[in-house]
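To be precise, the following lines are coords_15.cif, and they hold mmCIF, C-alpha atoms.
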data_my_file
#
loop_
_atom_site.group_PDB
_atom_site.id
_atom_site.type_symbol
_atom_site.label_atom_id
_atom_site.label_comp_id
_atom_site.auth_asym_id
_atom_site.auth_seq_id
_atom_site.Cartn_x
_atom_site.Cartn_y
_atom_site.Cartn_z
ATOM 1 C CA MET A 1 121.237 181.594 103.675
ATOM 2 C CA ALA A 2 120.039 184.560 105.730
ATOM 3 C CA GLY A 3 116.502 183.221 105.683
ATOM 4 C CA HIS A 4 117.572 179.832 106.945
ATOM 5 C CA ASN A 5 119.567 181.489 109.715
ATOM 6 C CA LYS A 6 116.463 183.407 110.830
ATOM 7 C CA TRP A 7 114.556 180.118 110.867
ATOM 8 C CA SER A 8 117.205 178.767 113.260
ATOM 9 C CA LYS A 9 116.760 181.811 115.490
ATOM 10 C CA ILE A 10 113.004 181.284 115.620
ATOM 11 C CA LYS A 11 113.543 177.678 116.691
ATOM 12 C CA ARG A 12 116.022 178.708 119.380
ATOM 13 C CA GLN A 13 113.555 181.267 120.740
ATOM 14 C CA LYS A 14 110.825 178.629 120.866
ATOM 15 C CA ALA A 15 113.162 176.256 122.700
ATOM 16 C CA VAL A 16 113.469 178.816 125.492
ATOM 17 C CA THR A 17 109.741 179.376 125.847
ATOM 18 C CA ASP A 18 108.228 175.899 125.617
ATOM 19 C CA ALA A 19 108.803 172.176 126.205
ATOM 20 C CA ARG A 20 111.243 171.953 123.293
ATOM 21 C CA LYS A 21 114.129 172.504 125.701
ATOM 22 C CA SER A 22 113.836 168.931 127.003
ATOM 23 C CA LYS A 23 113.537 167.641 123.441
ATOM 24 C CA ALA A 24 116.699 169.522 122.498
ATOM 25 C CA TRP A 25 118.517 167.862 125.379
ATOM 26 C CA ALA A 26 117.285 164.445 124.261
ATOM 27 C CA ARG A 27 118.559 165.031 120.723
ATOM 28 C CA ILE A 28 121.935 166.263 121.910
ATOM 29 C CA THR A 29 122.242 163.305 124.300
ATOM 30 C CA ARG A 30 121.864 160.934 121.373
ATOM 31 C CA GLU A 31 124.377 162.931 119.352
ATOM 32 C CA ILE A 32 126.908 162.749 122.203
ATOM 33 C CA MET A 33 126.369 159.003 122.599
ATOM 34 C CA VAL A 34 126.909 158.274 118.913
ATOM 35 C CA ALA A 35 129.964 160.546 118.711
ATOM 36 C CA ALA A 36 131.514 158.884 121.785
ATOM 37 C CA ARG A 37 130.698 155.432 120.449
ATOM 38 C CA ASP A 38 132.280 156.122 117.065
ATOM 39 C CA GLY A 39 135.285 158.203 118.125
ATOM 40 C CA GLY A 40 135.907 157.580 121.826
ATOM 41 C CA GLY A 41 135.105 159.566 124.945
ATOM 42 C CA ASP A 42 138.064 161.993 124.883
ATOM 43 C CA VAL A 43 136.656 165.360 123.806
ATOM 44 C CA SER A 44 140.106 166.686 122.862
ATOM 45 C CA MET A 45 140.644 163.784 120.439
ATOM 46 C CA ASN A 46 137.120 163.522 119.014
ATOM 47 C CA PRO A 47 135.943 166.561 116.976
ATOM 48 C CA ALA A 48 132.398 165.242 116.611
ATOM 49 C CA LEU A 49 132.127 164.742 120.365
ATOM 50 C CA SER A 50 133.613 168.180 121.013
ATOM 51 C CA LEU A 51 130.977 169.765 118.773
ATOM 52 C CA ALA A 52 128.159 167.831 120.444
ATOM 53 C CA VAL A 53 129.373 168.816 123.921
ATOM 54 C CA ASP A 54 129.556 172.469 122.838
ATOM 55 C CA ARG A 55 125.940 172.242 121.710
ATOM 56 C CA ALA A 56 124.981 170.688 125.017
ATOM 57 C CA LYS A 57 126.625 173.528 126.915
ATOM 58 C CA ALA A 58 124.923 176.097 124.692
ATOM 59 C CA GLU A 59 121.594 174.495 125.653
ATOM 60 C CA ASN A 60 122.577 174.675 129.349
ATOM 61 C CA MET A 61 122.605 170.903 129.712
ATOM 62 C CA PRO A 62 123.979 169.915 133.143
ATOM 63 C CA LYS A 63 127.545 168.596 133.253
ATOM 64 C CA ASP A 64 126.376 165.315 134.811
ATOM 65 C CA ASN A 65 124.019 164.701 131.884
ATOM 66 C CA ILE A 66 126.842 165.268 129.410
ATOM 67 C CA GLU A 67 129.177 162.915 131.238
ATOM 68 C CA ARG A 68 126.526 160.191 131.454
ATOM 69 C CA ALA A 69 125.829 160.475 127.727
ATOM 70 C CA ILE A 70 129.543 160.070 126.962
ATOM 71 C CA LYS A 71 129.772 156.998 129.200
ATOM 72 C CA ARG A 72 126.720 155.471 127.566
ATOM 73 C CA GLY A 73 128.339 155.994 124.197
ATOM 74 C CA THR A 74 131.631 154.381 125.212
ATOM 75 C CA GLY A 75 129.846 151.506 126.934
ATOM 76 C CA GLU A 76 130.821 152.389 130.501
ATOM 77 C CA ILE A 77 127.102 152.725 131.222
ATOM 78 C CA GLU A 78 124.533 150.542 129.484
ATOM 79 C CA GLY A 79 122.340 152.423 127.018
ATOM 80 C CA GLU A 80 120.458 152.220 123.738
ATOM 81 C CA ASP A 81 122.292 151.692 120.463
ATOM 82 C CA TYR A 82 121.418 154.349 117.898
ATOM 83 C CA VAL A 83 122.084 154.375 114.161
ATOM 84 C CA GLU A 84 122.317 157.418 111.904
ATOM 85 C CA VAL A 85 119.715 157.478 109.146
ATOM 86 C CA SER A 86 118.326 160.028 106.708
ATOM 87 C CA TYR A 87 114.939 160.324 105.050
ATOM 88 C CA GLU A 88 113.801 162.314 102.037
ATOM 89 C CA GLY A 89 110.430 163.409 100.761
ATOM 90 C CA TYR A 90 108.162 166.111 99.410
ATOM 91 C CA GLY A 91 105.865 168.234 101.515
ATOM 92 C CA PRO A 92 102.888 170.369 100.450
ATOM 93 C CA SER A 93 103.353 172.317 97.182
ATOM 94 C CA GLY A 94 106.249 170.053 96.205
ATOM 95 C CA VAL A 95 108.727 171.455 98.751
ATOM 96 C CA ALA A 96 111.660 169.050 99.172
ATOM 97 C CA ILE A 97 112.433 167.943 102.735
ATOM 98 C CA PHE A 98 115.562 166.184 103.999
ATOM 99 C CA ILE A 99 115.662 164.659 107.489
ATOM 100 C CA ASP A 100 118.613 163.544 109.620
ATOM 101 C CA ALA A 101 117.750 161.145 112.423
ATOM 102 C CA LEU A 102 119.226 158.928 115.129
ATOM 103 C CA THR A 103 117.085 155.924 115.976
ATOM 104 C CA ASP A 104 117.135 152.586 117.770
ATOM 105 C CA ASN A 105 114.205 151.348 115.657
ATOM 106 C CA THR A 106 114.278 152.261 111.960
ATOM 107 C CA ASN A 107 110.963 150.521 111.242
ATOM 108 C CA ARG A 108 109.198 152.702 113.803
ATOM 109 C CA THR A 109 110.840 155.890 112.588
ATOM 110 C CA VAL A 110 110.092 155.413 108.902
ATOM 111 C CA ALA A 111 106.482 154.443 109.640
ATOM 112 C CA ASP A 112 105.984 157.540 111.799
ATOM 113 C CA LEU A 113 107.502 159.867 109.227
ATOM 114 C CA ARG A 114 105.540 158.334 106.356
ATOM 115 C CA HIS A 115 102.352 158.961 108.334
ATOM 116 C CA LEU A 116 103.301 162.608 108.984
ATOM 117 C CA PHE A 117 104.050 163.244 105.304
ATOM 118 C CA SER A 118 100.867 161.530 104.123
ATOM 119 C CA LYS A 119 98.654 163.340 106.641
ATOM 120 C CA SER A 120 100.078 166.699 105.489
ATOM 121 C CA GLY A 121 99.562 166.067 101.793
ATOM 122 C CA GLY A 122 103.165 165.103 101.084
ATOM 123 C CA SER A 123 105.006 161.848 100.512
ATOM 124 C CA LEU A 124 108.102 160.149 101.852
ATOM 125 C CA GLY A 125 110.454 159.339 98.982
ATOM 126 C CA GLN A 126 113.309 157.016 98.184
ATOM 127 C CA SER A 127 116.920 157.646 99.147
ATOM 128 C CA GLY A 128 118.387 160.185 96.732
ATOM 129 C CA SER A 129 115.033 161.626 95.686
ATOM 130 C CA VAL A 130 115.816 165.116 97.060
ATOM 131 C CA ALA A 131 119.392 164.877 98.388
ATOM 132 C CA PHE A 132 120.769 166.414 95.183
ATOM 133 C CA MET A 133 118.923 169.658 96.022
ATOM 134 C CA PHE A 134 121.029 170.229 99.141
ATOM 135 C CA GLU A 135 124.690 171.010 99.690
ATOM 136 C CA ARG A 136 126.490 170.017 102.887
ATOM 137 C CA LYS A 137 128.168 173.026 104.510
ATOM 138 C CA GLY A 138 129.614 174.045 107.845
ATOM 139 C CA ILE A 139 127.696 176.916 109.446
ATOM 140 C CA ILE A 140 129.015 178.935 112.396
ATOM 141 C CA GLU A 141 127.021 181.793 113.898
ATOM 142 C CA VAL A 142 128.548 184.285 116.346
ATOM 143 C CA ASN A 143 127.160 187.337 118.096
ATOM 144 C CA ALA A 144 128.061 190.529 116.252
ATOM 145 C CA ALA A 145 128.824 192.220 119.564
ATOM 146 C CA ASP A 146 131.628 189.751 120.282
ATOM 147 C CA ILE A 147 134.012 190.850 117.520
ATOM 148 C CA ASP A 148 134.573 193.431 114.783
ATOM 149 C CA GLU A 149 133.500 192.201 111.343
ATOM 150 C CA VAL A 150 136.872 192.941 109.719
ATOM 151 C CA GLN A 151 138.740 191.087 112.471
ATOM 152 C CA LEU A 152 136.375 188.139 112.187
ATOM 153 C CA PHE A 153 136.743 188.059 108.416
ATOM 154 C CA GLU A 154 140.525 187.978 108.662
ATOM 155 C CA THR A 155 140.377 185.186 111.254
ATOM 156 C CA VAL A 156 137.994 182.896 109.387
ATOM 157 C CA ALA A 157 139.363 183.603 105.907
ATOM 158 C CA GLU A 158 142.831 182.545 107.021
ATOM 159 C CA ALA A 159 141.345 179.342 108.478
ATOM 160 C CA GLY A 160 139.615 178.487 105.188
ATOM 161 C CA ALA A 161 136.070 179.895 105.448
ATOM 162 C CA GLU A 162 134.099 180.318 102.230
ATOM 163 C CA ASP A 163 131.841 183.207 103.218
ATOM 164 C CA LEU A 164 130.947 185.620 106.009
ATOM 165 C CA THR A 165 127.610 187.432 106.090
ATOM 166 C CA ASN A 166 126.196 190.047 108.450
ATOM 167 C CA ASP A 167 122.741 188.999 109.637
ATOM 168 C CA GLU A 168 121.518 191.840 111.866
ATOM 169 C CA ASP A 169 122.833 190.985 115.351
ATOM 170 C CA SER A 170 125.048 188.092 114.282
ATOM 171 C CA TYR A 171 127.636 186.987 111.739
ATOM 172 C CA VAL A 172 127.169 183.756 109.827
ATOM 173 C CA ILE A 173 130.276 181.946 108.610
ATOM 174 C CA THR A 174 130.049 179.323 105.860
ATOM 175 C CA THR A 175 132.707 176.661 105.353
ATOM 176 C CA SER A 176 133.275 173.470 103.429
ATOM 177 C CA VAL A 177 132.797 170.255 105.397
ATOM 178 C CA GLU A 178 136.559 169.700 105.314
ATOM 179 C CA ASP A 179 137.438 173.146 106.722
ATOM 180 C CA PHE A 180 134.636 173.385 109.292
ATOM 181 C CA ALA A 181 136.660 172.120 112.279
ATOM 182 C CA ALA A 182 139.602 174.426 111.535
ATOM 183 C CA VAL A 183 137.406 177.513 111.171
ATOM 184 C CA ARG A 184 135.429 176.677 114.311
ATOM 185 C CA GLU A 185 138.676 176.271 116.251
ATOM 186 C CA ALA A 186 139.999 179.589 114.902
ATOM 187 C CA VAL A 187 136.842 181.339 116.123
ATOM 188 C CA LYS A 188 137.144 179.764 119.581
ATOM 189 C CA GLU A 189 140.839 180.695 119.777
ATOM 190 C CA ARG A 190 139.741 184.333 119.461
ATOM 191 C CA GLY A 191 137.763 183.787 122.658
ATOM 192 C CA ILE A 192 134.405 183.652 120.892
ATOM 193 C CA GLU A 193 131.878 180.952 121.751
ATOM 194 C CA PRO A 194 129.619 180.362 118.713
ATOM 195 C CA VAL A 195 125.877 180.757 119.152
ATOM 196 C CA GLU A 196 125.469 177.823 116.798
ATOM 197 C CA ALA A 197 127.947 175.639 114.939
ATOM 198 C CA GLY A 198 127.449 172.491 112.921
ATOM 199 C CA LEU A 199 127.148 170.844 109.548
ATOM 200 C CA GLN A 200 123.932 171.691 107.727
ATOM 201 C CA ARG A 201 122.301 170.895 104.406
ATOM 202 C CA ILE A 202 121.781 174.125 102.486
ATOM 203 C CA PRO A 203 119.276 174.082 99.587
ATOM 204 C CA THR A 204 120.788 174.871 96.205
ATOM 205 C CA THR A 205 117.367 175.948 94.934
ATOM 206 C CA THR A 206 114.274 177.149 96.788
ATOM 207 C CA VAL A 207 110.496 177.288 96.279
ATOM 208 C CA SER A 208 108.629 180.532 96.971
ATOM 209 C CA LEU A 209 105.061 180.064 98.246
ATOM 210 C CA GLU A 210 102.099 182.169 99.249
ATOM 211 C CA PRO A 211 101.860 182.613 103.058
ATOM 212 C CA GLY A 212 99.017 180.107 103.412
ATOM 213 C CA GLU A 213 100.901 177.367 101.571
ATOM 214 C CA ALA A 214 104.132 178.227 103.393
ATOM 215 C CA ARG A 215 102.360 177.743 106.719
ATOM 216 C CA LYS A 216 101.311 174.223 105.662
ATOM 217 C CA VAL A 217 104.927 173.341 104.910
ATOM 218 C CA ALA A 218 106.110 174.916 108.160
ATOM 219 C CA ALA A 219 103.493 172.951 110.099
ATOM 220 C CA LEU A 220 104.767 169.674 108.621
ATOM 221 C CA ILE A 221 108.379 170.599 109.361
ATOM 222 C CA GLU A 222 107.453 171.421 112.958
ATOM 223 C CA LYS A 223 105.729 168.061 113.389
ATOM 224 C CA ILE A 224 108.756 166.270 111.969
ATOM 225 C CA GLU A 225 111.090 168.228 114.257
ATOM 226 C CA ASP A 226 108.954 167.192 117.220
ATOM 227 C CA HIS A 227 109.611 163.514 116.515
ATOM 228 C CA ALA A 228 111.946 162.081 119.141
ATOM 229 C CA ASP A 229 114.217 160.402 116.571
ATOM 230 C CA VAL A 230 114.703 163.465 114.365
ATOM 231 C CA GLN A 231 117.906 165.473 114.744
ATOM 232 C CA ALA A 232 117.492 168.060 111.981
ATOM 233 C CA VAL A 233 115.131 168.971 109.150
ATOM 234 C CA TYR A 234 116.019 170.890 105.984
ATOM 235 C CA SER A 235 113.748 172.100 103.201
ATOM 236 C CA THR A 236 113.736 174.022 99.928
ATOM 237 C CA LEU A 237 111.094 176.451 101.190
ATOM 238 C CA GLU A 238 112.167 180.019 100.359
ATOM 239 C CA LEU A 239 112.533 181.789 103.701
ATOM 240 C CA ASP A 240 112.236 185.445 102.747
ATOM 241 C CA GLU A 241 111.026 188.075 105.226
ATOM 242 C CA ALA A 242 107.353 187.749 104.239
ATOM 243 C CA THR A 243 107.403 183.967 104.600
ATOM 244 C CA ILE A 244 109.158 184.085 107.963
ATOM 245 C CA GLU A 245 106.650 186.631 109.273
ATOM 246 C CA ALA A 246 103.791 184.427 108.078
ATOM 247 C CA ILE A 247 105.020 181.284 109.803
ATOM 248 C CA ALA A 248 106.741 182.733 112.895
#
Output the structure of this file as structure tokens.
Amino acid sequence: MAGHNKWSKIKRQKAVTDARKSKAWARITREIMVAARDGGGDVSMNPALSLAVDRAKAENMPKDNIERAIKRGTGEIEGEDYVEVSYEGYGPSGVAIFIDALTDNTNRTVADLRHLFSKSGGSLGQSGSVAFMFERKGIIEVNAADIDEVQLFETVAEAGAEDLTNDEDSYVITTSVEDFAAVREAVKERGIEPVEAGLQRIPTTTVSLEPGEARKVAALIEKIEDHADVQAVYSTLELDEATIEAIA
């Protein structure tokens, strides 16, 4: 878990320093639209929309952009219609990769991803080919400076959290899918705004590779993440300190 959290930090740092910021906004816009479409435009009554808006604010997305995305989702403003899809495959060295996407053209998306896998020495698989290697969990990360660890533990444990780990300058809270919203709300009620919060797919088993092979997998993951339709990418690559240093 700690390794995957460091991977998230690396991606956040890159988003600040390069063109990924605009791509992050585009992804969050789609997420807001779909959440508003499926659950309505009232943030207080739509947990998925509330989470998406929080992410938008964390990425410093302008308020006008957020409001337009909500209106597109509810139909007040005309916009594209996106569907949620997932793709599964194997990258170099047999590393399993799971992809969450939002797309308005599934034929285009699957063709693009198949090309990326094939070009990198991997293969796009059938539905269910790697899903069993991942477990859906709620992950909430907060700055360690914002609260004492004992106080945080008491807060999240009472709300139903499964685990709390200290990861250098932050705390990472793990929850079940069912208890995620309650734990996230408990954290916010303490006056703490999470650095990151969402549902993720955590690998139940990982593959340890030599740095050179790990870089090949990381390169494929980065290309997939750059695709406009892709929302999140998960893999079974073991992210220990040596691997992270090699690919960072």
Can you spell out as a ChimeraX atom specification the set of residues that the PyMOL selection byres ((chain A and resi 213) around 12) selects in the structure I just provided? /A:91-95,120-121,207-212,214-220,237-238,243,246-247
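Excluding Leu51 in chain A itself and any same-chain residue fewer than 4 positions from it, the protein and nucleic acid residues within 8 Å of it, counting all atoms listed in the file, are Pro47, Arg55, Ala197 and Gly198 of chain A.
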Between A:Asp104, A:Glu88, A:Asp81, A:Glu149, which one has atoms that come closest to Ser123 in chain A, using only C-alpha atoms?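 When distances to Ser123 in chain A are compared using only C-alpha atoms, the smallest one comes from A:Glu88.
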Between CA of Ala144 in chain A and CA of Arg184 in chain A, what is the spacing in Å?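 Taking CA of Arg184 in chain A and CA of Ala144 in chain A, their separation equals 15.8 Å.
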Residue nearest Tyr87 in chain A - candidates A:Lys57, A:Arg30, A:Arg37, A:Arg114, atoms counted: all atoms listed in the file: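 That would be A:Arg114, the residue with the smallest distance to Tyr87 in chain A.
Taking all atoms listed in the file into account, Ile192 in chain A lies nearest to A:Leu152 out of the set A:Met33, A:Ala157, A:Leu152, A:Ile97.
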Explicit residue set for the PyMOL selection byres ((chain A and resi 162-178) around 12), as a short mmCIF file (atom, residue, chain, number, x, y, z; two decimals) with C-alpha atoms, in the coordinates of the input:
data_model
loop_
_atom_site.label_atom_id
_atom_site.label_comp_id
_atom_site.auth_asym_id
_atom_site.auth_seq_id
_atom_site.Cartn_x
_atom_site.Cartn_y
_atom_site.Cartn_z
CA MET A 1 121.24 181.59 103.68
CA ALA A 2 120.04 184.56 105.73
CA GLY A 3 116.50 183.22 105.68
CA HIS A 4 117.57 179.83 106.94
CA ASN A 5 119.57 181.49 109.72
CA LYS A 6 116.46 183.41 110.83
CA SER A 8 117.20 178.77 113.26
CA LYS A 9 116.76 181.81 115.49
CA GLU A 135 124.69 171.01 99.69
CA ARG A 136 126.49 170.02 102.89
CA LYS A 137 128.17 173.03 104.51
CA GLY A 138 129.61 174.04 107.84
CA ILE A 139 127.70 176.92 109.45
CA ILE A 140 129.01 178.94 112.40
CA GLU A 141 127.02 181.79 113.90
CA VAL A 142 128.55 184.28 116.35
CA ASN A 143 127.16 187.34 118.10
CA ALA A 144 128.06 190.53 116.25
CA ALA A 145 128.82 192.22 119.56
CA ASP A 146 131.63 189.75 120.28
CA ILE A 147 134.01 190.85 117.52
CA ASP A 148 134.57 193.43 114.78
CA GLU A 149 133.50 192.20 111.34
CA VAL A 150 136.87 192.94 109.72
CA GLN A 151 138.74 191.09 112.47
CA LEU A 152 136.38 188.14 112.19
CA PHE A 153 136.74 188.06 108.42
CA GLU A 154 140.52 187.98 108.66
CA THR A 155 140.38 185.19 111.25
CA VAL A 156 137.99 182.90 109.39
CA ALA A 157 139.36 183.60 105.91
CA GLU A 158 142.83 182.54 107.02
CA ALA A 159 141.34 179.34 108.48
CA GLY A 160 139.62 178.49 105.19
CA ALA A 161 136.07 179.90 105.45
CA ASP A 179 137.44 173.15 106.72
CA PHE A 180 134.64 173.38 109.29
CA ALA A 181 136.66 172.12 112.28
CA ALA A 182 139.60 174.43 111.54
CA VAL A 183 137.41 177.51 111.17
CA ARG A 184 135.43 176.68 114.31
CA ALA A 186 140.00 179.59 114.90
CA VAL A 187 136.84 181.34 116.12
CA ILE A 192 134.40 183.65 120.89
CA PRO A 194 129.62 180.36 118.71
CA VAL A 195 125.88 180.76 119.15
CA GLU A 196 125.47 177.82 116.80
CA ALA A 197 127.95 175.64 114.94
CA GLY A 198 127.45 172.49 112.92
CA LEU A 199 127.15 170.84 109.55
CA GLN A 200 123.93 171.69 107.73
CA ARG A 201 122.30 170.90 104.41
CA ILE A 202 121.78 174.12 102.49
#
Could you name the residues that touch Asp112 in chain A at 12 Å or less, counting all atoms listed in the file, but leaving out those on the same chain fewer than 5 positions away, as an MDAnalysis selection string? chainID A and resid 87 103 105:107 117:119 124 223:224 226:230
Next, write the just-selected residues to a file, as a PDB file, in the frame of the given file, keeping C-alpha atoms as the atom set.
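Result file selection.pdb:
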ATOM      1  CA  TYR A  87     114.939 160.324 105.050  1.00  0.00           C
ATOM      2  CA  THR A 103     117.085 155.924 115.976  1.00  0.00           C
ATOM      3  CA  ASN A 105     114.205 151.348 115.657  1.00  0.00           C
ATOM      4  CA  THR A 106     114.278 152.261 111.960  1.00  0.00           C
ATOM      5  CA  ASN A 107     110.963 150.521 111.242  1.00  0.00           C
ATOM      6  CA  PHE A 117     104.050 163.244 105.304  1.00  0.00           C
ATOM      7  CA  SER A 118     100.867 161.530 104.123  1.00  0.00           C
ATOM      8  CA  LYS A 119      98.654 163.340 106.641  1.00  0.00           C
ATOM      9  CA  LEU A 124     108.102 160.149 101.852  1.00  0.00           C
ATOM     10  CA  LYS A 223     105.729 168.061 113.389  1.00  0.00           C
ATOM     11  CA  ILE A 224     108.756 166.270 111.969  1.00  0.00           C
ATOM     12  CA  ASP A 226     108.954 167.192 117.220  1.00  0.00           C
ATOM     13  CA  HIS A 227     109.611 163.514 116.515  1.00  0.00           C
ATOM     14  CA  ALA A 228     111.946 162.081 119.141  1.00  0.00           C
ATOM     15  CA  ASP A 229     114.217 160.402 116.571  1.00  0.00           C
ATOM     16  CA  VAL A 230     114.703 163.465 114.365  1.00  0.00           C
TER      17      VAL A 230
END
Result set, the PyMOL selection byres ((chain A and resi 133) around 8) on current file, as a ChimeraX atom specification: /A:96,130-132,134-135,203-205,236
Looking at A:Gly89, A:Glu76, A:Ala48, A:Ile28, which one is nearest to Pro62 in chain A, with distances taken over all atoms listed in the file?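 For Pro62 in chain A, the nearest of the candidates is A:Ile28.
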Report, in Å with one decimal, the straight-line distance from CA of Ala101 in chain A to CA of Glu31 in chain A.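 Going from CA of Ala101 in chain A over to CA of Glu31 in chain A, I get 9.8 Å.
The shortest atom-to-atom distance to Glu59 in chain A, with all atoms listed in the file taken into account, belongs to A:Ser22 out of A:Ser86, A:Ser44, A:Ser22, A:Thr74.
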Extract, using only C-alpha atoms, all DNA, RNA and protein residues at most 8 Å from Gln231 in chain A, discarding same-chain residues fewer than 5 positions from it, and format them as a PyMOL selection string. chain A and resi 27+99-102+225
Provide an axis-aligned box for all listed atoms of range 27-45 of chain A, padding each side by 8 Å; report its centre and its edge lengths in Å to one decimal, as AutoDock Vina command-line options.
--center_x 129.6 --center_y 161.1 --center_z 121.0 --size_x 38.1 --size_y 27.3 --size_z 23.9
CA of Phe98 in chain A and CA of Ala232 in chain A, how far apart in Å?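 Between CA of Ala232 in chain A and CA of Phe98 in chain A the gap works out to 8.4 Å.
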Thr29 in chain A environment, 9 Å, all atoms listed in the file, sequence neighbours closer than 2 positions dropped, as a PDB file with C-alpha atoms, keeping the file's coordinate frame:
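Output below, filename around.pdb:
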ATOM      1  CA  ALA A  24     116.699 169.522 122.498  1.00  0.00           C
ATOM      2  CA  TRP A  25     118.517 167.862 125.379  1.00  0.00           C
ATOM      3  CA  ALA A  26     117.285 164.445 124.261  1.00  0.00           C
ATOM      4  CA  ARG A  27     118.559 165.031 120.723  1.00  0.00           C
ATOM      5  CA  GLU A  31     124.377 162.931 119.352  1.00  0.00           C
ATOM      6  CA  ILE A  32     126.908 162.749 122.203  1.00  0.00           C
ATOM      7  CA  MET A  33     126.369 159.003 122.599  1.00  0.00           C
ATOM      8  CA  VAL A  34     126.909 158.274 118.913  1.00  0.00           C
ATOM      9  CA  ALA A  52     128.159 167.831 120.444  1.00  0.00           C
ATOM     10  CA  ALA A  56     124.981 170.688 125.017  1.00  0.00           C
ATOM     11  CA  ASN A  65     124.019 164.701 131.884  1.00  0.00           C
ATOM     12  CA  ILE A  66     126.842 165.268 129.410  1.00  0.00           C
ATOM     13  CA  ARG A  68     126.526 160.191 131.454  1.00  0.00           C
ATOM     14  CA  ALA A  69     125.829 160.475 127.727  1.00  0.00           C
ATOM     15  CA  ILE A  70     129.543 160.070 126.962  1.00  0.00           C
TER      16      ILE A  70
END
